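Asker: What follows is coords-v4.txt; its format and atoms are compact mmCIF, C-alpha atoms and all ligand atoms.
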```txt
# COMPACT_ATOMS: atom_id res chain seq x y z
CA MET A 162 -20.53 26.64 -12.40
CA ILE A 163 -18.81 25.27 -9.31
CA ALA A 164 -21.97 23.49 -8.08
CA GLU A 165 -22.47 21.95 -11.53
CA HIS A 166 -19.05 20.35 -11.40
CA ILE A 167 -19.78 18.86 -7.98
CA LYS A 168 -23.14 17.48 -9.13
CA GLU A 169 -21.56 15.69 -12.07
CA LEU A 170 -19.05 13.77 -9.97
CA SER A 171 -19.55 10.21 -8.73
CA PRO A 172 -19.07 9.78 -4.95
CA PHE A 173 -15.55 8.41 -5.57
CA ALA A 174 -14.63 11.30 -7.91
CA ALA A 175 -16.08 13.84 -5.44
CA GLN A 176 -13.89 12.41 -2.67
CA PHE A 177 -10.87 12.35 -5.01
CA ALA A 178 -11.53 16.01 -5.92
CA ALA A 179 -11.91 16.99 -2.25
CA ASP A 180 -8.69 15.18 -1.25
CA VAL A 181 -6.72 16.70 -4.13
CA ARG A 182 -8.00 20.15 -3.25
CA ALA A 183 -7.23 19.77 0.46
CA GLY A 184 -3.76 18.34 -0.22
CA LEU A 185 -2.65 20.88 -2.84
CA LEU A 186 -4.04 23.92 -1.02
CA ARG A 187 -2.22 23.13 2.23
CA PRO A 188 -0.34 26.24 3.32
CA ALA A 189 2.87 24.34 4.07
CA GLN A 190 4.00 21.10 2.38
CA LYS A 191 1.62 20.15 -0.47
CA GLU A 192 0.63 16.50 -0.45
CA LEU A 193 -1.53 13.86 -2.14
CA PRO A 194 -2.74 10.65 -0.43
CA SER A 195 -0.68 7.71 -1.68
CA LYS A 196 -3.76 5.55 -2.26
CA TYR A 197 -4.44 7.63 -5.40
CA LEU A 198 -1.22 6.33 -6.97
CA TYR A 199 -3.11 3.09 -7.74
CA ASP A 200 -5.40 3.54 -10.71
CA ALA A 201 -5.15 1.03 -13.60
CA THR A 202 -1.87 2.54 -14.86
CA GLY A 203 -0.44 2.91 -11.34
CA SER A 204 -1.21 -0.70 -10.45
CA MET A 205 0.52 -1.93 -13.60
CA LEU A 206 3.53 0.32 -12.94
CA PHE A 207 3.73 -0.97 -9.36
CA GLU A 208 3.90 -4.53 -10.71
CA ALA A 209 6.82 -3.43 -12.89
CA ILE A 210 8.54 -1.81 -9.89
CA SER A 211 8.24 -5.05 -7.93
CA VAL A 212 10.45 -6.87 -10.45
CA MET A 213 13.07 -4.12 -10.79
CA PRO A 214 16.55 -5.29 -9.67
CA GLU A 215 16.76 -2.32 -7.25
CA TYR A 216 13.45 -3.12 -5.50
CA GLY A 217 14.51 -5.89 -3.13
CA LEU A 218 11.36 -5.73 -0.95
CA THR A 219 9.07 -7.94 -3.01
CA ARG A 220 11.69 -10.66 -3.50
CA ALA A 221 12.55 -10.66 0.22
CA ASP A 222 8.86 -10.88 1.16
CA GLU A 223 8.37 -13.72 -1.32
CA ARG A 224 11.49 -15.62 -0.15
CA LEU A 225 10.23 -15.54 3.44
CA LEU A 226 6.73 -16.67 2.48
CA ARG A 227 8.07 -19.48 0.28
CA ARG A 228 10.55 -20.72 2.91
CA HIS A 229 8.23 -20.48 5.89
CA ALA A 230 4.71 -21.05 4.54
CA GLY A 231 4.64 -24.48 6.24
CA ASP A 232 5.78 -23.03 9.60
CA ILE A 233 3.26 -20.20 9.36
CA VAL A 234 0.35 -22.49 8.56
CA ARG A 235 1.26 -24.90 11.41
CA LEU A 236 0.83 -22.03 13.90
CA LEU A 237 -2.69 -21.21 12.74
CA PRO A 238 -5.86 -22.71 14.19
CA GLY A 239 -8.42 -24.04 11.69
CA PRO A 240 -10.87 -23.85 10.09
CA LEU A 241 -9.65 -20.67 8.48
CA ALA A 242 -10.59 -17.99 5.95
CA VAL A 243 -7.88 -15.72 4.50
CA SER A 244 -8.22 -12.03 3.73
CA GLU A 245 -5.54 -9.75 2.30
CA LEU A 246 -5.31 -5.97 2.69
CA GLY A 247 -4.12 -4.34 -0.55
CA SER A 248 -3.41 -7.68 -2.26
CA GLY A 249 -2.01 -6.16 -5.45
CA SER A 250 -1.54 -9.00 -7.96
CA GLY A 251 -1.55 -11.57 -5.12
CA LYS A 252 1.45 -13.43 -6.60
CA LYS A 253 3.21 -13.87 -3.23
CA THR A 254 0.02 -15.10 -1.58
CA ARG A 255 0.09 -18.30 -3.61
CA CYS A 256 2.63 -19.91 -1.17
CA ILE A 257 0.35 -19.39 1.83
CA LEU A 258 -2.82 -20.52 0.06
CA GLU A 259 -1.13 -23.64 -1.32
CA ALA A 260 0.27 -24.50 2.12
CA LEU A 261 -3.21 -24.17 3.63
CA CYS A 262 -4.72 -26.29 0.89
CA GLY A 263 -2.85 -29.26 2.34
CA ARG A 264 -5.31 -29.27 5.22
CA GLU A 265 -8.59 -27.58 4.19
CA ALA A 266 -10.56 -25.73 1.51
CA ILE A 267 -10.06 -21.98 1.83
CA SER A 268 -12.10 -18.87 1.13
CA TYR A 269 -9.78 -16.03 0.14
CA TYR A 270 -10.93 -12.39 0.24
CA PRO A 271 -8.47 -9.93 -1.35
CA ILE A 272 -9.38 -6.33 -0.42
CA GLU A 273 -8.30 -3.69 -2.94
CA ILE A 274 -8.98 -0.09 -3.77
CA SER A 275 -7.75 -0.78 -7.32
CA ALA A 276 -10.15 -2.70 -9.57
CA THR A 277 -7.23 -3.49 -11.89
CA ALA A 278 -5.14 -5.02 -9.09
CA LEU A 279 -8.14 -6.98 -7.83
CA ALA A 280 -8.88 -8.42 -11.29
CA SER A 281 -5.25 -9.43 -11.74
CA CYS A 282 -5.21 -11.06 -8.29
CA GLU A 283 -8.34 -13.06 -9.12
CA ARG A 284 -6.76 -14.21 -12.42
CA GLU A 285 -3.39 -14.97 -10.81
CA LEU A 286 -4.75 -17.34 -8.15
CA ALA A 287 -7.74 -18.82 -10.00
CA ASP A 288 -5.97 -22.11 -10.72
CA ILE A 289 -5.58 -23.16 -7.06
CA ASP A 290 -8.27 -25.82 -6.80
CA CYS A 291 -9.16 -25.72 -3.12
CA VAL A 292 -9.39 -21.89 -2.95
CA SER A 293 -12.53 -19.89 -3.66
CA ILE A 294 -11.76 -16.22 -4.28
CA LEU A 295 -14.12 -13.38 -3.52
CA GLY A 296 -12.62 -9.97 -4.33
CA VAL A 297 -13.69 -6.99 -2.23
CA GLU A 298 -13.23 -3.60 -3.94
CA ARG A 299 -13.09 -1.42 -0.85
CA GLU A 300 -10.72 0.51 1.38
CA TYR A 301 -8.85 -1.68 3.89
CA LEU A 302 -10.95 -1.50 7.06
CA GLU A 303 -14.30 -1.16 5.35
CA GLY A 304 -13.45 -4.29 3.34
CA LEU A 305 -12.20 -6.17 6.39
CA ARG A 306 -15.41 -5.43 8.30
CA GLU A 307 -17.40 -6.86 5.38
CA VAL A 308 -15.22 -9.97 5.34
CA ALA A 309 -15.53 -10.41 9.12
CA ALA A 310 -19.33 -10.14 8.83
CA ARG A 311 -19.28 -13.19 6.53
CA ARG A 312 -17.39 -15.28 9.09
CA VAL A 313 -18.68 -18.86 9.43
CA PRO A 314 -19.21 -19.58 13.17
CA GLY A 315 -16.15 -21.30 14.62
CA ALA A 316 -13.86 -20.22 11.76
CA HIS A 317 -10.79 -18.02 12.24
CA LEU A 318 -9.47 -15.31 10.00
CA LEU A 319 -5.89 -14.93 8.80
CA VAL A 320 -5.30 -11.37 7.56
CA LEU A 321 -2.31 -10.77 5.28
CA PHE A 322 -0.73 -7.32 5.05
CA LEU A 323 2.35 -7.83 2.92
CA GLY A 324 4.86 -5.75 0.96
CA SER A 325 5.47 -3.35 3.86
CA THR A 326 2.36 -1.40 2.87
CA ILE A 327 1.95 -0.64 6.60
CA GLY A 328 5.01 1.64 6.15
CA ASN A 329 2.89 3.99 4.01
CA PHE A 330 1.08 5.18 7.15
CA ASP A 331 2.55 8.13 9.06
CA ALA A 332 4.13 7.62 12.48
CA GLY A 333 1.38 6.74 14.95
CA ALA A 334 -1.15 6.14 12.16
CA ASP A 335 0.34 2.67 11.59
CA CYS A 336 -0.52 1.72 15.19
CA ARG A 337 -4.00 3.25 14.97
CA PHE A 338 -4.59 1.34 11.75
CA LEU A 339 -3.48 -1.98 13.27
CA ARG A 340 -5.75 -1.31 16.26
CA GLY A 341 -8.59 -0.92 13.77
CA VAL A 342 -7.64 -4.29 12.28
CA ARG A 343 -7.47 -5.86 15.76
CA GLU A 344 -10.93 -4.51 16.67
CA THR A 345 -12.36 -6.29 13.62
CA LEU A 346 -10.83 -9.62 14.68
CA ILE A 347 -11.63 -12.06 17.47
CA SER A 348 -9.37 -14.05 19.74
CA GLY A 349 -7.52 -16.74 17.76
CA ASP A 350 -7.46 -14.70 14.50
CA SER A 351 -4.08 -13.64 13.16
CA LEU A 352 -2.29 -11.04 11.08
CA LEU A 353 0.75 -11.81 8.93
CA LEU A 354 2.60 -8.51 8.60
CA GLY A 355 5.45 -7.94 6.11
CA THR A 356 7.70 -4.98 6.97
CA ASP A 357 10.82 -3.54 5.39
CA LEU A 358 13.66 -2.95 7.86
CA VAL A 359 16.21 -0.15 8.17
CA LYS A 360 19.18 -0.64 5.85
CA PRO A 361 21.99 1.42 4.30
CA LEU A 362 20.84 4.28 2.11
CA ASP A 363 22.88 3.14 -0.88
CA ARG A 364 20.59 0.08 -1.09
CA LEU A 365 17.40 1.80 0.03
CA LEU A 366 17.20 4.89 -2.16
CA PRO A 367 17.66 3.18 -5.56
CA ALA A 368 14.63 1.01 -4.67
CA TYR A 369 12.59 4.22 -4.90
CA ASP A 370 14.53 5.85 -7.71
CA ASP A 371 15.48 3.19 -10.26
CA PRO A 372 17.62 4.35 -13.18
CA THR A 373 15.08 2.99 -15.68
CA GLY A 374 12.56 5.54 -14.47
CA VAL A 375 9.72 3.11 -13.66
CA THR A 376 9.27 4.51 -10.13
CA ALA A 377 9.35 8.04 -11.56
CA ALA A 378 6.56 7.07 -13.99
CA PHE A 379 4.57 5.51 -11.12
CA ASN A 380 4.87 8.72 -9.11
CA LEU A 381 4.15 11.10 -12.03
CA ASN A 382 1.10 9.03 -12.96
CA ILE A 383 -0.76 10.56 -9.99
CA LEU A 384 -0.65 13.92 -11.82
CA ALA A 385 -1.71 12.22 -15.06
CA ARG A 386 -4.61 10.68 -13.14
CA ILE A 387 -5.68 14.11 -11.88
CA ASN A 388 -5.55 15.33 -15.50
CA ARG A 389 -7.64 12.36 -16.71
CA GLU A 390 -10.23 12.28 -13.94
CA LEU A 391 -10.45 15.93 -12.86
CA ASP A 392 -9.65 17.64 -16.20
CA ALA A 393 -6.53 19.27 -14.77
CA ASP A 394 -3.73 20.70 -16.90
CA PHE A 395 -0.59 19.43 -15.13
CA ASN A 396 2.30 19.44 -17.61
CA LEU A 397 4.07 16.25 -16.47
CA ARG A 398 7.32 17.36 -18.13
CA GLN A 399 7.44 20.30 -15.72
CA PHE A 400 7.58 18.01 -12.66
CA GLU A 401 10.25 15.52 -11.63
CA HIS A 402 10.33 12.51 -9.33
CA LEU A 403 12.32 12.81 -6.13
CA ALA A 404 13.07 10.14 -3.51
CA ARG A 405 14.74 11.16 -0.25
CA PHE A 406 15.31 9.69 3.17
CA ASN A 407 13.87 11.47 6.18
CA GLN A 408 16.15 10.54 9.10
CA ARG A 409 13.73 11.87 11.71
CA THR A 410 10.88 9.59 10.61
CA SER A 411 13.09 6.80 9.20
CA SER A 412 11.10 6.94 5.95
CA VAL A 413 11.82 7.14 2.26
CA GLU A 414 9.64 9.94 0.95
CA MET A 415 8.55 10.27 -2.66
CA HIS A 416 7.88 13.78 -3.92
CA LEU A 417 7.12 15.47 -7.24
CA ARG A 418 9.21 18.63 -7.68
CA SER A 419 8.03 21.54 -9.77
CA LYS A 420 10.83 22.41 -12.22
CA LYS A 421 9.64 26.02 -12.54
CA ALA A 422 7.12 28.51 -11.16
CA GLN A 423 3.77 27.48 -12.61
CA THR A 424 0.01 27.51 -12.08
CA VAL A 425 -2.18 24.44 -12.58
CA THR A 426 -5.96 24.49 -12.98
CA ILE A 427 -8.10 21.60 -11.72
CA PRO A 428 -11.63 22.43 -12.96
CA ARG A 429 -13.48 19.41 -11.54
CA ALA A 430 -12.07 20.18 -8.09
CA GLU A 431 -12.74 23.89 -8.64
CA PHE A 432 -9.40 25.44 -7.89
CA MET A 433 -6.09 26.66 -9.23
CA VAL A 434 -2.81 26.02 -7.51
CA ARG A 435 0.51 27.87 -7.79
CA PHE A 436 3.91 26.23 -7.49
CA VAL A 437 7.18 28.04 -6.95
CA GLU A 438 10.28 26.62 -8.60
CA GLY A 439 11.59 23.63 -6.62
CA GLU A 440 8.43 23.23 -4.51
CA THR A 441 7.33 19.62 -4.01
CA ILE A 442 4.16 17.56 -3.62
CA TRP A 443 4.67 14.76 -1.12
CA THR A 444 3.03 11.63 -2.55
CA GLU A 445 4.21 8.68 -0.41
CA SER A 446 6.21 7.69 2.66
CA SER A 447 7.69 4.26 3.23
CA HIS A 448 8.73 3.85 6.84
CA LYS A 449 11.64 1.52 7.59
CA TYR A 450 11.22 -0.38 10.85
CA SER A 451 13.63 -1.72 13.45
CA VAL A 452 12.92 -5.14 14.96
CA SER A 453 12.35 -3.67 18.45
CA GLU A 454 9.92 -1.12 17.00
CA LEU A 455 7.92 -3.98 15.50
CA SER A 456 7.47 -5.70 18.89
CA ASN A 457 6.25 -2.42 20.38
CA LEU A 458 3.90 -1.85 17.44
CA ALA A 459 2.40 -5.35 17.79
CA GLU A 460 1.88 -4.96 21.53
CA ALA A 461 0.51 -1.39 21.31
CA SER A 462 -2.04 -2.46 18.71
CA GLY A 463 -3.30 -5.42 20.77
CA PHE A 464 -1.48 -8.34 19.13
CA ARG A 465 1.06 -10.87 20.41
CA CYS A 466 3.98 -11.64 18.11
CA ALA A 467 3.86 -15.47 17.86
CA ALA A 468 6.75 -15.80 15.40
CA GLN A 469 8.98 -13.69 13.22
CA TRP A 470 11.20 -14.52 10.24
CA ILE A 471 13.85 -12.17 8.87
CA ASP A 472 15.39 -12.14 5.40
CA GLU A 473 19.10 -11.43 5.72
CA GLU A 474 19.75 -10.74 2.02
CA TRP A 475 17.39 -7.71 2.01
CA LYS A 476 16.53 -6.94 5.64
CA PHE A 477 12.80 -7.61 5.78
CA ALA A 478 10.59 -9.11 8.50
CA GLU A 479 7.53 -11.34 8.32
CA SER A 480 5.73 -11.26 11.69
CA LEU A 481 2.88 -13.53 12.67
CA LEU A 482 0.73 -11.55 15.11
CA MET A 483 -2.01 -13.27 17.09
CA ALA A 484 -5.18 -11.61 18.34
CA GLU A 485 -5.70 -12.76 21.90
C1 LIG A 501 2.49 -1.22 -2.03
S1 LIG A 501 1.21 -2.03 -2.91
C2 LIG A 501 1.44 -3.69 -2.29
C3 LIG A 501 0.78 -4.75 -3.10
C4 LIG A 501 1.01 -6.18 -2.59
N1 LIG A 501 0.43 -6.39 -1.29
C5 LIG A 501 2.50 -6.48 -2.54
O1 LIG A 501 2.98 -6.76 -1.45
O2 LIG A 501 3.15 -6.46 -3.59
C6 LIG A 501 -0.23 -1.50 -2.04
C7 LIG A 501 -1.56 -2.07 -2.57
O3 LIG A 501 -2.60 -1.63 -1.69
C8 LIG A 501 -3.67 -1.06 -2.44
N2 LIG A 501 -4.20 0.04 -1.62
C9 LIG A 501 -3.61 1.25 -1.35
N3 LIG A 501 -4.36 1.97 -0.51
C10 LIG A 501 -5.46 1.22 -0.23
C11 LIG A 501 -6.61 1.41 0.60
N4 LIG A 501 -6.76 2.53 1.31
N5 LIG A 501 -7.52 0.41 0.67
C12 LIG A 501 -7.38 -0.74 -0.06
N6 LIG A 501 -6.30 -0.98 -0.87
C13 LIG A 501 -5.37 -0.02 -0.94
C14 LIG A 501 -3.06 -0.59 -3.74
O4 LIG A 501 -4.00 -0.58 -4.79
C15 LIG A 501 -1.92 -1.59 -3.95
O5 LIG A 501 -2.32 -2.68 -4.76
```
Any chance you could give the structure as structure tokens?

Answerer:
Amino acid sequence: MIAEHIKELSPFAAQFAADVRAGLLRPAQKELPSKYLYDATGSMLFEAISVMPEYGLTRADERLLRRHAGDIVRLLPGPLAVSELGSGSGKKTRCILEALCGREAISYYPIEISATALASCERELADIDCVSILGVEREYLEGLREVAARRVPGAHLLVLFLGSTIGNFDAGADCRFLRGVRETLISGDSLLLGTDLVKPLDRLLPAYDDPTGVTAAFNLNILARINRELDADFNLRQFEHLARFNQRTSSVEMHLRSKKAQTVTIPRAEFMVRFVEGETIWTESSHKYSVSELSNLAEASGFRCAAQWIDEEWKFAESLLMAE
């Protein structure tokens, strides 16, 4: 019976099942990798989050890109191709692509795990005449290696990693990830990194717990996805969204809290899991950086910070890191 379930799964579903099993059977804190938040529904809910009044990150990121696109582009050697890690809808990327269009035709490679986000990015930016878009439906580094392999001799690569998505990595893993990016690049390539900065909790927490409940729906959707794709029987009404700040790691953590003692069956991952009342599943961390931490991160991952712009309205940094 168990082997039959495994045989029926696609490679992606088999990995999803294995990750869900490993995360929910952990003896201590149960967890699910945050990348699974982004199926079609999750990607659409994230777009809704990004326009919520409480979620200042996207607007700060966009303000910085709009104000400084010209400055950013002036610091980049040409000819250039642009790639973006986890592009989402790509709306903010328009400023950079349009600024580059003033000087050359651009190939743009958005890299996304979510087919829905990738399709919306391709639609969103299709009207920019001098840009040819080639979507890459892959995980970040696998996609970036494919993009780098297509490099035209003499051309440089600008990699965008916006929206403070780097903050979703655990402490230390962010640096290891950026080192992986750096190893894919050559001297003269660059990385534009958007990072959310530490700020008072009364501004920070509502960004992850809006009163309309959109973030709660985004978080709960990961359980709905497990139901849809792995035939599980999570009762979503028996779990609730929780956002809390972890002072030690300087991160907002999203959890799903079990409202009662319950058992859930996940047939396509071949296990059952028990929850005690109040127990949580940790689904995402969003680390909040300090400016000095960012310089150390850039240096430790093999980049030089060539320029940095900070939004004062919602403390957020855009750092242009050069591979040397
Ligand atoms: C926090 S959203 C940010 C979207 C966009 N960059 C922005 O700033 O609004 C993260 C995006 O990365 C994508 N993503 C998450 N994990 C990924 C992975 N391992 N590989 C590729 N894309 C991933 C998600 O589908 C999602 O669109």

Asker: Find the residues near ligand LIG 501 (chain A). Use a cut-off of 9 Å, count all atoms listed in the file, and write them as a PyMOL selection string.

Answerer: chain A and resi 194-200+203-204+207-208+211+218-219+222-223+245-254+272-279+298-304+321-327+329+355

Asker: If you measure from CA of Glu485 in chain A to CA of Cys466 in chain A, what distance in Å do you get, rounded to one decimal?

Answerer: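 Value for the CA of Glu485 in chain A-CA of Cys466 in chain A distance: 10.5 Å.
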
Asker: Nearest to Ile210 in chain A among A:Leu339, A:Leu261, A:Ala189, A:Val375, with distances taken over only C-alpha atoms: which residue is it?

Answerer: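 Comparing A:Leu339, A:Leu261, A:Ala189, A:Val375 against Ile210 in chain A, the winner is A:Val375.
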
Asker: Of the candidates A:Ala422, A:Leu384, A:Val320, A:Leu366, which shows the shortest atom-to-atom distance to Met483 in chain A, using only C-alpha atoms?

Answerer: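 Ranked by minimum distance to Met483 in chain A, first place goes to A:Val320.
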
Asker: Please list as an mmCIF file with C-alpha atoms, in the coordinates of the input every residue within 12 Å of range 429-440 of chain A, counting all atoms listed in the file and excluding residues in the same chain fewer than 4 positions away.

Answerer:
```cif
data_model
loop_
_atom_site.group_PDB
_atom_site.id
_atom_site.type_symbol
_atom_site.label_atom_id
_atom_site.label_comp_id
_atom_site.auth_asym_id
_atom_site.auth_seq_id
_atom_site.Cartn_x
_atom_site.Cartn_y
_atom_site.Cartn_z
ATOM 1 C CA MET A 162 -20.530 26.640 -12.400
ATOM 2 C CA ILE A 163 -18.810 25.270 -9.310
ATOM 3 C CA ALA A 164 -21.970 23.490 -8.080
ATOM 4 C CA GLU A 165 -22.470 21.950 -11.530
ATOM 5 C CA HIS A 166 -19.050 20.350 -11.400
ATOM 6 C CA ILE A 167 -19.780 18.860 -7.980
ATOM 7 C CA LYS A 168 -23.140 17.480 -9.130
ATOM 8 C CA GLU A 169 -21.560 15.690 -12.070
ATOM 9 C CA LEU A 170 -19.050 13.770 -9.970
ATOM 10 C CA SER A 171 -19.550 10.210 -8.730
ATOM 11 C CA ALA A 174 -14.630 11.300 -7.910
ATOM 12 C CA ALA A 175 -16.080 13.840 -5.440
ATOM 13 C CA GLN A 176 -13.890 12.410 -2.670
ATOM 14 C CA PHE A 177 -10.870 12.350 -5.010
ATOM 15 C CA ALA A 178 -11.530 16.010 -5.920
ATOM 16 C CA ALA A 179 -11.910 16.990 -2.250
ATOM 17 C CA ASP A 180 -8.690 15.180 -1.250
ATOM 18 C CA VAL A 181 -6.720 16.700 -4.130
ATOM 19 C CA ARG A 182 -8.000 20.150 -3.250
ATOM 20 C CA ALA A 183 -7.230 19.770 0.460
ATOM 21 C CA GLY A 184 -3.760 18.340 -0.220
ATOM 22 C CA LEU A 185 -2.650 20.880 -2.840
ATOM 23 C CA LEU A 186 -4.040 23.920 -1.020
ATOM 24 C CA ARG A 187 -2.220 23.130 2.230
ATOM 25 C CA PRO A 188 -0.340 26.240 3.320
ATOM 26 C CA ALA A 189 2.870 24.340 4.070
ATOM 27 C CA GLN A 190 4.000 21.100 2.380
ATOM 28 C CA LYS A 191 1.620 20.150 -0.470
ATOM 29 C CA GLU A 192 0.630 16.500 -0.450
ATOM 30 C CA ILE A 387 -5.680 14.110 -11.880
ATOM 31 C CA ASN A 388 -5.550 15.330 -15.500
ATOM 32 C CA ARG A 389 -7.640 12.360 -16.710
ATOM 33 C CA GLU A 390 -10.230 12.280 -13.940
ATOM 34 C CA LEU A 391 -10.450 15.930 -12.860
ATOM 35 C CA ASP A 392 -9.650 17.640 -16.200
ATOM 36 C CA ALA A 393 -6.530 19.270 -14.770
ATOM 37 C CA ASP A 394 -3.730 20.700 -16.900
ATOM 38 C CA PHE A 395 -0.590 19.430 -15.130
ATOM 39 C CA GLN A 399 7.440 20.300 -15.720
ATOM 40 C CA PHE A 400 7.580 18.010 -12.660
ATOM 41 C CA GLU A 401 10.250 15.520 -11.630
ATOM 42 C CA HIS A 402 10.330 12.510 -9.330
ATOM 43 C CA LEU A 403 12.320 12.810 -6.130
ATOM 44 C CA HIS A 416 7.880 13.780 -3.920
ATOM 45 C CA LEU A 417 7.120 15.470 -7.240
ATOM 46 C CA ARG A 418 9.210 18.630 -7.680
ATOM 47 C CA SER A 419 8.030 21.540 -9.770
ATOM 48 C CA LYS A 420 10.830 22.410 -12.220
ATOM 49 C CA LYS A 421 9.640 26.020 -12.540
ATOM 50 C CA ALA A 422 7.120 28.510 -11.160
ATOM 51 C CA GLN A 423 3.770 27.480 -12.610
ATOM 52 C CA THR A 424 0.010 27.510 -12.080
ATOM 53 C CA VAL A 425 -2.180 24.440 -12.580
#
```

Asker: Identify, on the basis of all atoms listed in the file, every residue whose closest approach to Val234 in chain A does not exceed 9 Å; exclude the query and any residue fewer than 5 positions from it along the same chain; express the result as a ChimeraX atom specification.

Answerer: /A:229,257,260-261

Asker: Take the selection from the previous step and output its residues with C-alpha atoms, as a PDB file, in the frame of the given file.

Answerer:
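Produced file out_32.pdb, reproduced below:
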```pdb
ATOM      1  CA  HIS A 229       8.230 -20.480   5.890  1.00  0.00           C
ATOM      2  CA  ILE A 257       0.350 -19.390   1.830  1.00  0.00           C
ATOM      3  CA  ALA A 260       0.270 -24.500   2.120  1.00  0.00           C
ATOM      4  CA  LEU A 261      -3.210 -24.170   3.630  1.00  0.00           C
TER       5      LEU A 261
END
```

Asker: From the options A:Val452, A:Leu397, A:Leu358, A:Ile442, which residue's atoms come nearest to Ala221 in chain A, counting all atoms listed in the file?

Answerer: A:Leu358

Asker: Between A:Pro314, A:Pro238, A:Gly328, A:Gly231, which residue has the minimum interatomic distance to Tyr450 in chain A, considering only C-alpha atoms?

Answerer: A:Gly328
